[in-house]
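Novice: Hey, dropping start-v8.tsv in here, TSV, C-alpha atoms and all ligand atoms:
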chain	number	residue	atom	x	y	z
Z	1	MET	CA	3.44	-31.65	-10.57
Z	2	THR	CA	0.92	-32.30	-7.79
Z	3	PRO	CA	-1.60	-29.55	-6.96
Z	4	ASP	CA	0.46	-28.76	-3.84
Z	5	GLU	CA	3.54	-28.13	-5.98
Z	6	THR	CA	1.75	-25.90	-8.50
Z	7	PRO	CA	2.97	-22.31	-8.03
Z	8	LEU	CA	0.39	-19.98	-6.51
Z	9	ASP	CA	-1.25	-17.56	-8.94
Z	10	LEU	CA	0.14	-14.04	-8.53
Z	11	GLY	CA	-2.19	-12.36	-11.03
Z	12	ARG	CA	-1.18	-9.33	-13.05
Z	13	THR	CA	-4.11	-6.97	-12.85
Z	14	GLY	CA	-6.53	-5.79	-10.25
Z	15	SER	CA	-9.22	-3.15	-10.15
Z	16	LEU	CA	-9.87	-0.03	-8.13
Z	17	ASN	CA	-13.31	1.53	-8.22
Z	18	GLY	CA	-14.00	-0.37	-11.45
Z	19	ARG	CA	-10.78	0.82	-13.09
Z	20	PRO	CA	-8.10	-1.71	-14.15
Z	21	VAL	CA	-4.89	-1.31	-12.15
Z	22	GLY	CA	-1.58	-3.12	-11.81
Z	23	ARG	CA	-1.07	-5.41	-8.81
Z	24	LEU	CA	1.83	-3.29	-7.53
Z	25	ALA	CA	1.50	0.36	-6.52
Z	26	TYR	CA	4.23	2.96	-6.08
Z	27	GLY	CA	4.46	5.15	-2.95
Z	28	CYS	CA	5.88	8.68	-2.61
Z	29	TRP	CA	6.43	8.82	1.16
Z	30	ARG	CA	10.20	8.88	0.78
Z	31	PHE	CA	10.27	11.52	-2.02
Z	32	PRO	CA	11.25	14.40	0.26
Z	33	GLY	CA	14.99	14.37	0.67
Z	34	THR	CA	15.57	12.83	-2.75
Z	35	PRO	CA	16.17	15.06	-5.80
Z	36	GLN	CA	13.12	16.48	-7.57
Z	37	ALA	CA	14.80	15.53	-10.85
Z	38	GLY	CA	14.22	11.88	-9.98
Z	39	VAL	CA	10.43	12.13	-9.74
Z	40	ALA	CA	9.84	11.73	-13.50
Z	41	GLU	CA	12.15	8.74	-13.70
Z	42	LYS	CA	10.63	7.03	-10.68
Z	43	ILE	CA	7.02	7.46	-11.80
Z	44	GLU	CA	7.80	6.54	-15.42
Z	45	THR	CA	9.59	3.38	-14.21
Z	46	ALA	CA	6.63	2.54	-11.97
Z	47	PHE	CA	4.36	2.90	-15.05
Z	48	GLU	CA	6.78	0.69	-17.02
Z	49	ILE	CA	6.29	-2.19	-14.57
Z	50	GLY	CA	2.52	-1.66	-14.55
Z	51	ALA	CA	2.40	0.09	-11.16
Z	52	ASN	CA	-0.08	2.79	-12.19
Z	53	VAL	CA	-1.50	3.38	-8.71
Z	54	ILE	CA	0.55	6.21	-7.20
Z	55	ASP	CA	0.17	6.66	-3.44
Z	56	THR	CA	0.97	9.82	-1.50
Z	57	ALA	CA	-0.36	11.84	1.49
Z	58	ASP	CA	-0.49	15.44	2.66
Z	59	ILE	CA	1.69	14.57	5.65
Z	60	TYR	CA	4.62	13.19	3.62
Z	61	GLY	CA	7.28	15.85	4.05
Z	62	ALA	CA	4.53	18.23	5.26
Z	63	GLY	CA	3.16	18.62	1.73
Z	64	GLU	CA	6.54	18.29	0.03
Z	65	ALA	CA	5.88	14.82	-1.48
Z	66	GLU	CA	2.61	16.03	-3.04
Z	67	ASN	CA	4.36	19.18	-4.27
Z	68	MET	CA	7.11	17.15	-5.94
Z	69	LEU	CA	4.62	14.91	-7.71
Z	70	GLY	CA	2.41	17.90	-8.57
Z	71	SER	CA	5.24	19.89	-10.05
Z	72	TRP	CA	6.04	16.97	-12.38
Z	73	LEU	CA	2.32	16.65	-13.24
Z	74	GLY	CA	2.32	20.39	-13.98
Z	75	GLU	CA	5.00	19.76	-16.61
Z	76	GLN	CA	3.42	16.51	-17.89
Z	77	PRO	CA	-0.34	17.02	-17.52
Z	78	SER	CA	-1.11	14.22	-19.98
Z	79	ARG	CA	0.42	11.71	-17.52
Z	80	ARG	CA	-2.29	12.52	-14.93
Z	81	ASP	CA	-4.83	10.32	-16.71
Z	82	ASP	CA	-2.34	7.45	-16.85
Z	83	MET	CA	-2.15	7.24	-13.09
Z	84	VAL	CA	-4.63	6.24	-10.44
Z	85	LEU	CA	-3.77	8.92	-7.92
Z	86	VAL	CA	-4.23	8.22	-4.21
Z	87	THR	CA	-3.72	10.69	-1.38
Z	88	LYS	CA	-4.62	10.85	2.29
Z	89	GLY	CA	-5.43	13.35	4.99
Z	90	GLY	CA	-6.30	13.53	8.66
Z	91	ILE	CA	-2.88	13.38	10.35
Z	92	THR	CA	-2.25	16.77	11.95
Z	93	PRO	CA	0.90	16.88	14.10
Z	94	PRO	CA	1.13	17.47	16.98
Z	95	ILE	CA	-2.62	17.13	17.69
Z	96	PRO	CA	-2.27	14.33	16.18
Z	97	TYR	CA	-5.45	13.56	14.17
Z	98	ASN	CA	-8.42	15.43	12.75
Z	99	SER	CA	-11.04	13.77	10.57
Z	100	SER	CA	-13.71	16.42	11.11
Z	101	LYS	CA	-15.71	17.33	8.03
Z	102	ASP	CA	-14.20	20.80	7.68
Z	103	HIS	CA	-10.67	19.56	8.16
Z	104	LEU	CA	-10.85	16.66	5.68
Z	105	ILE	CA	-12.51	18.77	2.98
Z	106	GLY	CA	-9.95	21.54	3.43
Z	107	ALA	CA	-7.07	19.02	3.52
Z	108	CYS	CA	-8.22	17.36	0.31
Z	109	GLU	CA	-8.56	20.73	-1.44
Z	110	ALA	CA	-5.03	21.67	-0.32
Z	111	SER	CA	-3.75	18.31	-1.63
Z	112	LEU	CA	-5.38	18.94	-5.00
Z	113	ARG	CA	-3.66	22.34	-5.24
Z	114	ARG	CA	-0.26	20.80	-4.46
Z	115	LEU	CA	-0.89	17.92	-6.87
Z	116	ARG	CA	-2.01	20.32	-9.64
Z	117	THR	CA	-5.13	18.30	-10.34
Z	118	ASP	CA	-8.87	18.78	-9.88
Z	119	HIS	CA	-9.52	15.35	-8.35
Z	120	VAL	CA	-7.85	12.31	-6.86
Z	121	ASP	CA	-8.90	8.80	-7.81
Z	122	LEU	CA	-8.88	7.65	-4.20
Z	123	TYR	CA	-8.91	9.69	-0.99
Z	124	LEU	CA	-8.09	7.90	2.27
Z	125	ILE	CA	-8.51	8.93	5.89
Z	126	HIS	CA	-4.90	8.34	6.95
Z	127	ARG	CA	-5.50	7.26	10.55
Z	128	PRO	CA	-8.63	6.95	12.69
Z	129	ASP	CA	-9.41	10.10	14.69
Z	130	ILE	CA	-11.00	9.04	17.97
Z	131	LEU	CA	-12.58	12.48	18.42
Z	132	THR	CA	-14.49	12.40	15.13
Z	133	GLY	CA	-17.53	10.16	15.08
Z	134	ALA	CA	-18.05	7.80	12.16
Z	135	GLU	CA	-21.10	9.79	11.02
Z	136	GLU	CA	-19.10	13.00	10.61
Z	137	ALA	CA	-16.13	11.28	8.94
Z	138	ALA	CA	-18.62	9.65	6.56
Z	139	ALA	CA	-20.18	13.07	5.83
Z	140	ALA	CA	-16.73	14.39	4.91
Z	141	LEU	CA	-16.05	11.50	2.54
Z	142	THR	CA	-19.52	11.81	1.04
Z	143	ALA	CA	-18.98	15.52	0.37
Z	144	LEU	CA	-15.62	14.80	-1.28
Z	145	LYS	CA	-17.18	12.15	-3.48
Z	146	ASP	CA	-20.27	14.21	-4.34
Z	147	SER	CA	-18.14	17.20	-5.32
Z	148	GLY	CA	-16.02	15.00	-7.62
Z	149	LYS	CA	-12.84	15.90	-5.71
Z	150	ALA	CA	-12.40	12.21	-4.88
Z	151	ALA	CA	-13.60	9.57	-7.32
Z	152	ALA	CA	-13.51	6.98	-4.55
Z	153	VAL	CA	-12.75	6.95	-0.82
Z	154	GLY	CA	-11.33	4.60	1.76
Z	155	VAL	CA	-9.39	4.32	5.01
Z	156	SER	CA	-5.89	3.56	6.22
Z	157	ASN	CA	-4.89	2.05	9.57
Z	158	TYR	CA	-8.54	1.52	10.54
Z	159	SER	CA	-9.51	-1.58	12.49
Z	160	LEU	CA	-12.22	-3.86	11.15
Z	161	GLU	CA	-14.81	-2.39	13.52
Z	162	GLN	CA	-13.83	1.20	12.69
Z	163	THR	CA	-14.14	0.37	8.98
Z	164	ARG	CA	-17.57	-1.18	9.48
Z	165	ALA	CA	-18.79	1.74	11.62
Z	166	LEU	CA	-17.76	4.24	8.94
Z	167	GLN	CA	-19.36	2.15	6.19
Z	168	ALA	CA	-22.64	2.12	8.14
Z	169	PHE	CA	-22.97	5.90	7.55
Z	170	LEU	CA	-22.12	5.84	3.83
Z	171	ASP	CA	-24.63	5.38	0.99
Z	172	PHE	CA	-21.88	3.98	-1.26
Z	173	PRO	CA	-19.14	1.42	-0.64
Z	174	LEU	CA	-15.64	2.30	0.52
Z	175	ALA	CA	-13.24	1.33	-2.25
Z	176	ALA	CA	-10.02	0.50	-0.42
Z	177	ILE	CA	-8.23	-0.02	2.86
Z	178	GLN	CA	-4.53	0.55	3.53
Z	179	PRO	CA	-3.11	-1.34	6.50
Z	180	GLU	CA	0.51	-2.30	7.09
Z	181	ILE	CA	1.03	-5.81	5.73
Z	182	SER	CA	4.23	-7.73	5.17
Z	183	ALA	CA	5.72	-11.12	5.99
Z	184	TRP	CA	6.97	-9.37	9.15
Z	185	ALA	CA	3.71	-7.54	10.01
Z	186	THR	CA	0.90	-10.05	9.54
Z	187	ASP	CA	-1.87	-8.77	11.85
Z	188	ALA	CA	-4.23	-7.92	8.97
Z	189	LEU	CA	-4.27	-11.61	8.00
Z	190	PHE	CA	-5.74	-12.56	11.35
Z	191	ASP	CA	-7.74	-9.60	12.68
Z	192	GLY	CA	-10.54	-9.93	10.14
Z	193	LEU	CA	-9.54	-6.93	8.00
Z	194	LEU	CA	-8.63	-8.96	4.93
Z	195	ASP	CA	-11.71	-11.16	5.30
Z	196	HIS	CA	-13.82	-8.03	5.40
Z	197	ALA	CA	-11.98	-6.67	2.35
Z	198	GLN	CA	-12.88	-9.86	0.52
Z	199	ALA	CA	-16.55	-9.79	1.52
Z	200	ALA	CA	-16.98	-6.05	0.85
Z	201	ARG	CA	-14.80	-6.10	-2.30
Z	202	LEU	CA	-12.38	-3.53	-0.91
Z	203	LEU	CA	-8.94	-3.23	-2.45
Z	204	PRO	CA	-6.36	-3.88	0.30
Z	205	MET	CA	-3.23	-1.80	-0.29
Z	206	ALA	CA	-0.24	-2.94	1.81
Z	207	TRP	CA	2.03	-0.24	3.20
Z	208	SER	CA	5.68	-1.00	3.99
Z	209	PRO	CA	5.55	-4.36	2.18
Z	210	LEU	CA	9.26	-4.84	2.92
Z	211	ALA	CA	8.72	-3.81	6.57
Z	212	GLY	CA	10.36	-0.46	5.86
Z	213	GLY	CA	13.27	-2.12	4.03
Z	214	ILE	CA	14.46	-4.69	6.60
Z	215	LEU	CA	13.11	-7.60	4.56
Z	216	ALA	CA	15.37	-6.44	1.73
Z	217	THR	CA	18.47	-5.50	3.71
Z	218	GLY	CA	18.19	-8.31	6.28
Z	219	ALA	CA	19.13	-5.79	9.00
Z	220	ALA	CA	17.62	-7.34	12.13
Z	221	PRO	CA	15.13	-5.28	14.17
Z	222	GLU	CA	15.72	-4.77	17.90
Z	223	LYS	CA	13.01	-7.18	18.94
Z	224	GLY	CA	12.52	-10.72	17.61
Z	225	THR	CA	15.97	-11.19	16.12
Z	226	ASP	CA	15.83	-15.01	16.01
Z	227	ARG	CA	12.39	-14.96	14.39
Z	228	PHE	CA	13.60	-12.36	11.90
Z	229	GLU	CA	16.70	-14.35	10.97
Z	230	LYS	CA	14.59	-17.44	10.33
Z	231	LEU	CA	12.29	-15.39	8.09
Z	232	ILE	CA	15.24	-14.06	6.09
Z	233	GLU	CA	16.55	-17.63	5.75
Z	234	VAL	CA	13.23	-18.83	4.31
Z	235	LEU	CA	12.93	-15.83	1.95
Z	236	ASP	CA	16.51	-16.43	0.75
Z	237	ARG	CA	15.87	-20.10	0.04
Z	238	ILE	CA	12.87	-19.25	-2.14
Z	239	ALA	CA	14.70	-16.32	-3.75
Z	240	GLU	CA	17.57	-18.56	-4.78
Z	241	ALA	CA	15.24	-21.12	-6.32
Z	242	SER	CA	13.46	-18.40	-8.34
Z	243	ASN	CA	16.68	-16.48	-9.09
Z	244	VAL	CA	15.35	-13.17	-7.74
Z	245	GLY	CA	16.15	-10.91	-4.77
Z	246	ARG	CA	14.52	-11.70	-1.43
Z	247	ASP	CA	12.61	-8.40	-1.68
Z	248	CYS	CA	10.76	-9.87	-4.68
Z	249	VAL	CA	9.83	-12.97	-2.68
Z	250	ALA	CA	8.41	-10.71	0.06
Z	251	LEU	CA	6.32	-8.89	-2.58
Z	252	ALA	CA	5.24	-12.15	-4.27
Z	253	TRP	CA	4.14	-13.51	-0.88
Z	254	LEU	CA	1.67	-10.59	-0.64
Z	255	LEU	CA	0.55	-10.94	-4.27
Z	256	ALA	CA	-0.25	-14.63	-3.68
Z	257	HIS	CA	-2.87	-13.89	-1.02
Z	258	PRO	CA	-6.30	-14.59	-2.55
Z	259	VAL	CA	-7.84	-11.24	-1.52
Z	260	GLY	CA	-5.68	-9.37	-4.06
Z	261	ILE	CA	-3.31	-7.42	-1.80
Z	262	MET	CA	-1.62	-4.51	-3.60
Z	263	PRO	CA	1.89	-3.96	-2.20
Z	264	ILE	CA	3.00	-0.31	-2.33
Z	265	ILE	CA	6.65	-0.23	-3.42
Z	266	GLY	CA	8.61	2.40	-1.48
Z	267	THR	CA	12.12	2.33	-2.91
Z	268	GLN	CA	13.64	5.56	-4.30
Z	269	SER	CA	15.96	3.61	-6.58
Z	270	VAL	CA	14.85	3.38	-10.20
Z	271	ASP	CA	16.71	0.08	-10.59
Z	272	ARG	CA	14.90	-1.37	-7.58
Z	273	ILE	CA	11.52	-0.18	-8.84
Z	274	ARG	CA	12.26	-1.98	-12.12
Z	275	ALA	CA	13.52	-5.10	-10.32
Z	276	SER	CA	10.30	-5.27	-8.26
Z	277	ALA	CA	8.53	-6.62	-11.36
Z	278	LYS	CA	10.52	-9.82	-10.91
Z	279	ALA	CA	8.12	-10.54	-8.05
Z	280	TYR	CA	5.75	-11.90	-10.71
Z	281	GLU	CA	8.37	-14.55	-11.60
Z	282	VAL	CA	8.56	-16.02	-8.12
Z	283	LYS	CA	7.35	-19.60	-7.89
Z	284	LEU	CA	5.69	-20.02	-4.50
Z	285	THR	CA	4.14	-23.32	-3.55
Z	286	ARG	CA	1.53	-23.57	-0.82
Z	287	ARG	CA	4.20	-24.93	1.54
Z	288	ASP	CA	6.56	-22.05	0.68
Z	289	TRP	CA	3.82	-19.54	1.44
Z	290	TYR	CA	2.99	-21.07	4.81
Z	291	GLU	CA	6.69	-21.45	5.61
Z	292	VAL	CA	7.13	-17.68	5.16
Z	293	LEU	CA	4.08	-17.05	7.35
Z	294	GLU	CA	5.27	-19.42	10.06
Z	295	ALA	CA	8.74	-17.87	10.06
Z	296	GLY	CA	7.25	-14.36	10.25
Z	297	LEU	CA	4.98	-15.39	13.12
Z	298	GLY	CA	7.71	-17.37	14.85
Z	299	GLN	CA	5.42	-20.36	15.26
Z	300	ARG	CA	3.98	-23.27	13.30
Z	301	MET	CA	0.35	-23.12	12.22
Z	302	PRO	CA	-1.85	-25.25	14.52
A	1	LIG	N1	-0.92	4.53	5.17
A	1	LIG	C1	0.12	4.61	5.95
A	1	LIG	O1	0.02	4.86	7.16
A	1	LIG	C2	1.49	4.41	5.36
A	1	LIG	C3	2.61	4.27	6.19
A	1	LIG	C4	3.85	4.06	5.60
A	1	LIG	C5	3.95	3.96	4.21
A	1	LIG	N2	2.84	4.12	3.42
A	1	LIG	C6	2.92	4.01	1.95
A	1	LIG	O2	3.61	2.81	1.64
A	1	LIG	C7	4.68	3.13	0.76
A	1	LIG	C8	5.80	2.15	0.95
A	1	LIG	O3	6.27	2.17	2.29
A	1	LIG	P1	7.82	1.94	2.58
A	1	LIG	O4	8.60	2.96	1.86
A	1	LIG	O5	8.01	1.79	4.02
A	1	LIG	O6	8.02	0.52	1.83
A	1	LIG	P2	9.07	-0.64	2.00
A	1	LIG	O7	9.25	-1.23	0.64
A	1	LIG	O8	8.67	-1.55	3.09
A	1	LIG	O9	10.43	0.08	2.44
A	1	LIG	C9	11.12	0.93	1.56
A	1	LIG	C10	12.52	1.07	2.10
A	1	LIG	O10	13.20	-0.15	1.84
A	1	LIG	C11	14.40	0.12	1.14
A	1	LIG	N3	14.56	-0.93	0.12
A	1	LIG	C12	13.65	-1.35	-0.76
A	1	LIG	N4	14.16	-2.33	-1.54
A	1	LIG	C13	15.42	-2.50	-1.12
A	1	LIG	C14	16.46	-3.37	-1.53
A	1	LIG	N5	16.29	-4.26	-2.51
A	1	LIG	N6	17.62	-3.30	-0.87
A	1	LIG	C15	17.81	-2.41	0.13
A	1	LIG	N7	16.86	-1.54	0.55
A	1	LIG	C16	15.66	-1.60	-0.07
A	1	LIG	C17	14.21	1.45	0.48
A	1	LIG	O11	15.47	2.09	0.35
A	1	LIG	P3	15.92	2.68	-1.11
A	1	LIG	O12	15.03	3.81	-1.38
A	1	LIG	O13	17.33	3.08	-0.87
A	1	LIG	O14	15.79	1.55	-2.09
A	1	LIG	C18	13.31	2.19	1.44
A	1	LIG	O15	14.07	2.85	2.44
A	1	LIG	C19	5.03	4.60	1.10
A	1	LIG	O16	5.70	5.26	0.06
A	1	LIG	C20	3.66	5.17	1.32
A	1	LIG	O17	3.08	5.50	0.07
A	1	LIG	C21	1.62	4.33	3.98
Can the structure in the file be given as structure tokens, please?
Specialist:
Amino acid sequence: MTPDETPLDLGRTGSLNGRPVGRLAYGCWRFPGTPQAGVAEKIETAFEIGANVIDTADIYGAGEAENMLGSWLGEQPSRRDDMVLVTKGGITPPIPYNSSKDHLIGACEASLRRLRTDHVDLYLIHRPDILTGAEEAAAALTALKDSGKAAAVGVSNYSLEQTRALQAFLDFPLAAIQPEISAWATDALFDGLLDHAQAARLLPMAWSPLAGGILATGAAPEKGTDRFEKLIEVLDRIAEASNVGRDCVALAWLLAHPVGIMPIIGTQSVDRIRASAKAYEVKLTRRDWYEVLEAGLGQRMP
């Protein structure tokens, strides 16, 4: 096997704020609307496959997703320490954003009440609020960290420059970023965010790693149908060779990036959560990886 044919390393463990974590996370966005009874099964299955980072937000179901997770944690308090709990605040429909100090502190405290816990392991500003300066947002995150309500803090959907501006007002490093990243949504690979994550040792968590499901279902989006069909074709070829579903290839493609991207699994199906672990079995060569990228971009690399 030549070095070019050697499968890319997908790793098995990562770290968040110095704590060992699995490479896959599990997200609770789609909890509302699914039966409460399933929460235990979904989280336990996520734990089973090593996905101990559990991601939620105050806005998911207007508090309902946090409530569902919290009510399970209320019944199983010993499971709280087994998870690395992430939540987010700052989206306030219809305003639509508020990252002021008072708002973020109040939002985090409300999240903790719904989650039936005294702290989260990571608190993220969900989206940048143009009307809150970086200094004030940093003061909010500092207060949350100093009070112990958030063990670590970070940002979601921030640009590179917004991330840097916020960091300039913090006396401690941000721990994580959470942009959208998938084989279909590759901006973070090119806009400097992932390079910054590498240099600043930030954990990059990828939301919608299956592009909201279309990379699994193959249901073409309205725009870019030809490009999308080519991407599905490439994912299918690799999936067949590794004997896994194409969703696992899409996850493996993220895991293979050297910065240590953590895909957040979003399925509500226990079987699909379990099957996601097959992503670690995917054999991706360098050429495979670039072929997925080129198909997703709709153009060859220069
Ligand atoms: N920070 C942010 O702004 C932000 C934004 C969006 C999401 N997030 C986080 O990212 C997490 C994941 O996002 P996501 O739910 O959009 O992830 P995703 O994995 O891209 O999409 C999940 C969707 O794909 C479907 N799906 C998954 N595997 C499938 C398969 N093999 N066959 C058919 N359908 C399949 C699921 O349906 P089934 O349930 O039926 O399997 C579900 O509807 C969220 O839970 C949330 O924690 C963060």
Novice: To one decimal place in Å, what is the distance between CA of Tyr158 (chain Z) and CA of Gly50 (chain Z)?
Specialist: 27.6 Å
Novice: Output the neighbourhood of ligand LIG 1 (chain A) as a PyMOL selection string, that is, all protein and nucleic acid residues with some atom at most 9 Å from the ligand, counting all atoms listed in the file.
Specialist: chain Z and resi 25-31+54-57+60+86-88+124-127+155-157+177-180+182+205-218+245-248+251+263-273+275-276
Novice: Would you mind reading off the distance between CA of Leu231 (chain Z) and CA of Ala295 (chain Z), one decimal, in Å?
Specialist: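 CA of Ala295 (chain Z) lies 4.8 Å from CA of Leu231 (chain Z).
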Novice: Hey, could you pull the box centre and edge lengths for region 203-213 of chain Z, axis-aligned, 4 Å padding per side, all listed atoms, to one decimal in Å, as JSON?
Specialist:
{"center_x": 2.2, "center_y": -2.5, "center_z": 2.1, "size_x": 30.2, "size_y": 12.6, "size_z": 17.0}
Novice: Taking 5 positions as the minimum chain separation for residues in the same chain, which residues sit within 6 Å of Arg23 (chain Z) when counting all atoms listed in the file? Answer as a PDB file with C-alpha atoms, in the frame of the given file.
Specialist:
ATOM      1  CA  ARG Z  12      -1.180  -9.330 -13.050  1.00  0.00           C
ATOM      2  CA  THR Z  13      -4.110  -6.970 -12.850  1.00  0.00           C
ATOM      3  CA  GLY Z  14      -6.530  -5.790 -10.250  1.00  0.00           C
ATOM      4  CA  MET Z 262      -1.620  -4.510  -3.600  1.00  0.00           C
TER       5      MET Z 262
END
Novice: So how far away is CA of Ser100 (chain Z) from CA of Glu135 (chain Z), in Å?
Specialist: 9.9 Å
Novice: Go ahead and find all residues with at least one atom no further than 12 Å from (-18.0, -1.1, 10.9) in the file's coordinates, using only C-alpha atoms; report them as an MDAnalysis selection string.
Specialist: chainID Z and resid 134:135 138 155 158:170 173:174 192:193 196:197 200
Novice: So, counting all atoms listed in the file, which residue among Z:Tyr123, Z:Trp184, Z:Tyr97, Z:Trp253 is closest to Gly154 (chain Z)?
Specialist: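 Under the stated criterion, the closest residue is Z:Tyr123.
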Novice: Find the spatial neighbours of Gly298 (chain Z), counting all atoms listed in the file, within a cut-off of 9 Å - ignore same-chain residues fewer than 4 positions away - and output them as a VMD selection string.
Specialist: chain Z and resid 224 226 to 228 230 to 231 293 to 294
Novice: Here is a test: counting all atoms listed in the file, which residue of Z:Ser111, Z:Pro32, Z:Gly18, Z:Asp58 is nearest to Pro93 (chain Z)?
Specialist: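 Checking each candidate against Pro93 (chain Z), we get Z:Asp58 as the closest.
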Novice: Between Z:Cys108, Z:Ala185, Z:Ala152, Z:Leu115, which is the closest to Pro77 (chain Z) once you count only C-alpha atoms?
Specialist: Z:Leu115
Novice: Find the spatial neighbours of Pro3 (chain Z), counting only C-alpha atoms, within a cut-off of 12 Å - ignore same-chain residues fewer than 6 positions away - and output them as a VMD selection string.
Specialist: chain Z and resid 285 to 287
Novice: Where atoms are absent from region 98-111 of chain Z, fill them in so it carries N, CA, C and O atoms, then output it as a compact mmCIF listing (two decimals), keeping the file's coordinate frame.
Specialist:
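After the write, result-v1.txt holds the following:
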# COMPACT_ATOMS: atom_id res chain seq x y z
N ASN Z 98 -7.17 14.68 12.90
CA ASN Z 98 -8.42 15.43 12.75
C ASN Z 98 -9.13 14.93 11.50
O ASN Z 98 -8.66 15.14 10.38
N SER Z 99 -10.24 14.24 11.71
CA SER Z 99 -11.04 13.77 10.57
C SER Z 99 -12.39 14.48 10.55
O SER Z 99 -13.38 13.95 10.04
N SER Z 100 -12.45 15.68 11.15
CA SER Z 100 -13.71 16.42 11.11
C SER Z 100 -14.01 16.78 9.66
O SER Z 100 -13.11 16.80 8.80
N LYS Z 101 -15.28 17.07 9.41
CA LYS Z 101 -15.71 17.33 8.03
C LYS Z 101 -14.94 18.51 7.45
O LYS Z 101 -14.38 18.44 6.35
N ASP Z 102 -14.88 19.60 8.20
CA ASP Z 102 -14.20 20.80 7.68
C ASP Z 102 -12.73 20.52 7.41
O ASP Z 102 -12.18 20.94 6.40
N HIS Z 103 -12.10 19.81 8.35
CA HIS Z 103 -10.67 19.56 8.16
C HIS Z 103 -10.42 18.69 6.93
O HIS Z 103 -9.56 19.02 6.10
N LEU Z 104 -11.14 17.58 6.80
CA LEU Z 104 -10.85 16.66 5.68
C LEU Z 104 -11.13 17.32 4.33
O LEU Z 104 -10.37 17.15 3.38
N ILE Z 105 -12.20 18.11 4.26
CA ILE Z 105 -12.51 18.77 2.98
C ILE Z 105 -11.41 19.77 2.65
O ILE Z 105 -10.88 19.80 1.53
N GLY Z 106 -11.02 20.56 3.65
CA GLY Z 106 -9.95 21.54 3.43
C GLY Z 106 -8.63 20.86 3.08
O GLY Z 106 -7.88 21.32 2.22
N ALA Z 107 -8.34 19.74 3.76
CA ALA Z 107 -7.07 19.02 3.52
C ALA Z 107 -7.05 18.46 2.11
O ALA Z 107 -6.03 18.53 1.42
N CYS Z 108 -8.17 17.92 1.67
CA CYS Z 108 -8.22 17.36 0.31
C CYS Z 108 -8.04 18.48 -0.72
O CYS Z 108 -7.28 18.33 -1.68
N GLU Z 109 -8.70 19.60 -0.49
CA GLU Z 109 -8.56 20.73 -1.44
C GLU Z 109 -7.11 21.21 -1.50
O GLU Z 109 -6.60 21.52 -2.58
N ALA Z 110 -6.45 21.24 -0.34
CA ALA Z 110 -5.03 21.67 -0.32
C ALA Z 110 -4.17 20.64 -1.06
O ALA Z 110 -3.24 21.01 -1.80
N SER Z 111 -4.49 19.35 -0.89
CA SER Z 111 -3.75 18.31 -1.63
C SER Z 111 -3.91 18.50 -3.13
O SER Z 111 -2.94 18.39 -3.89
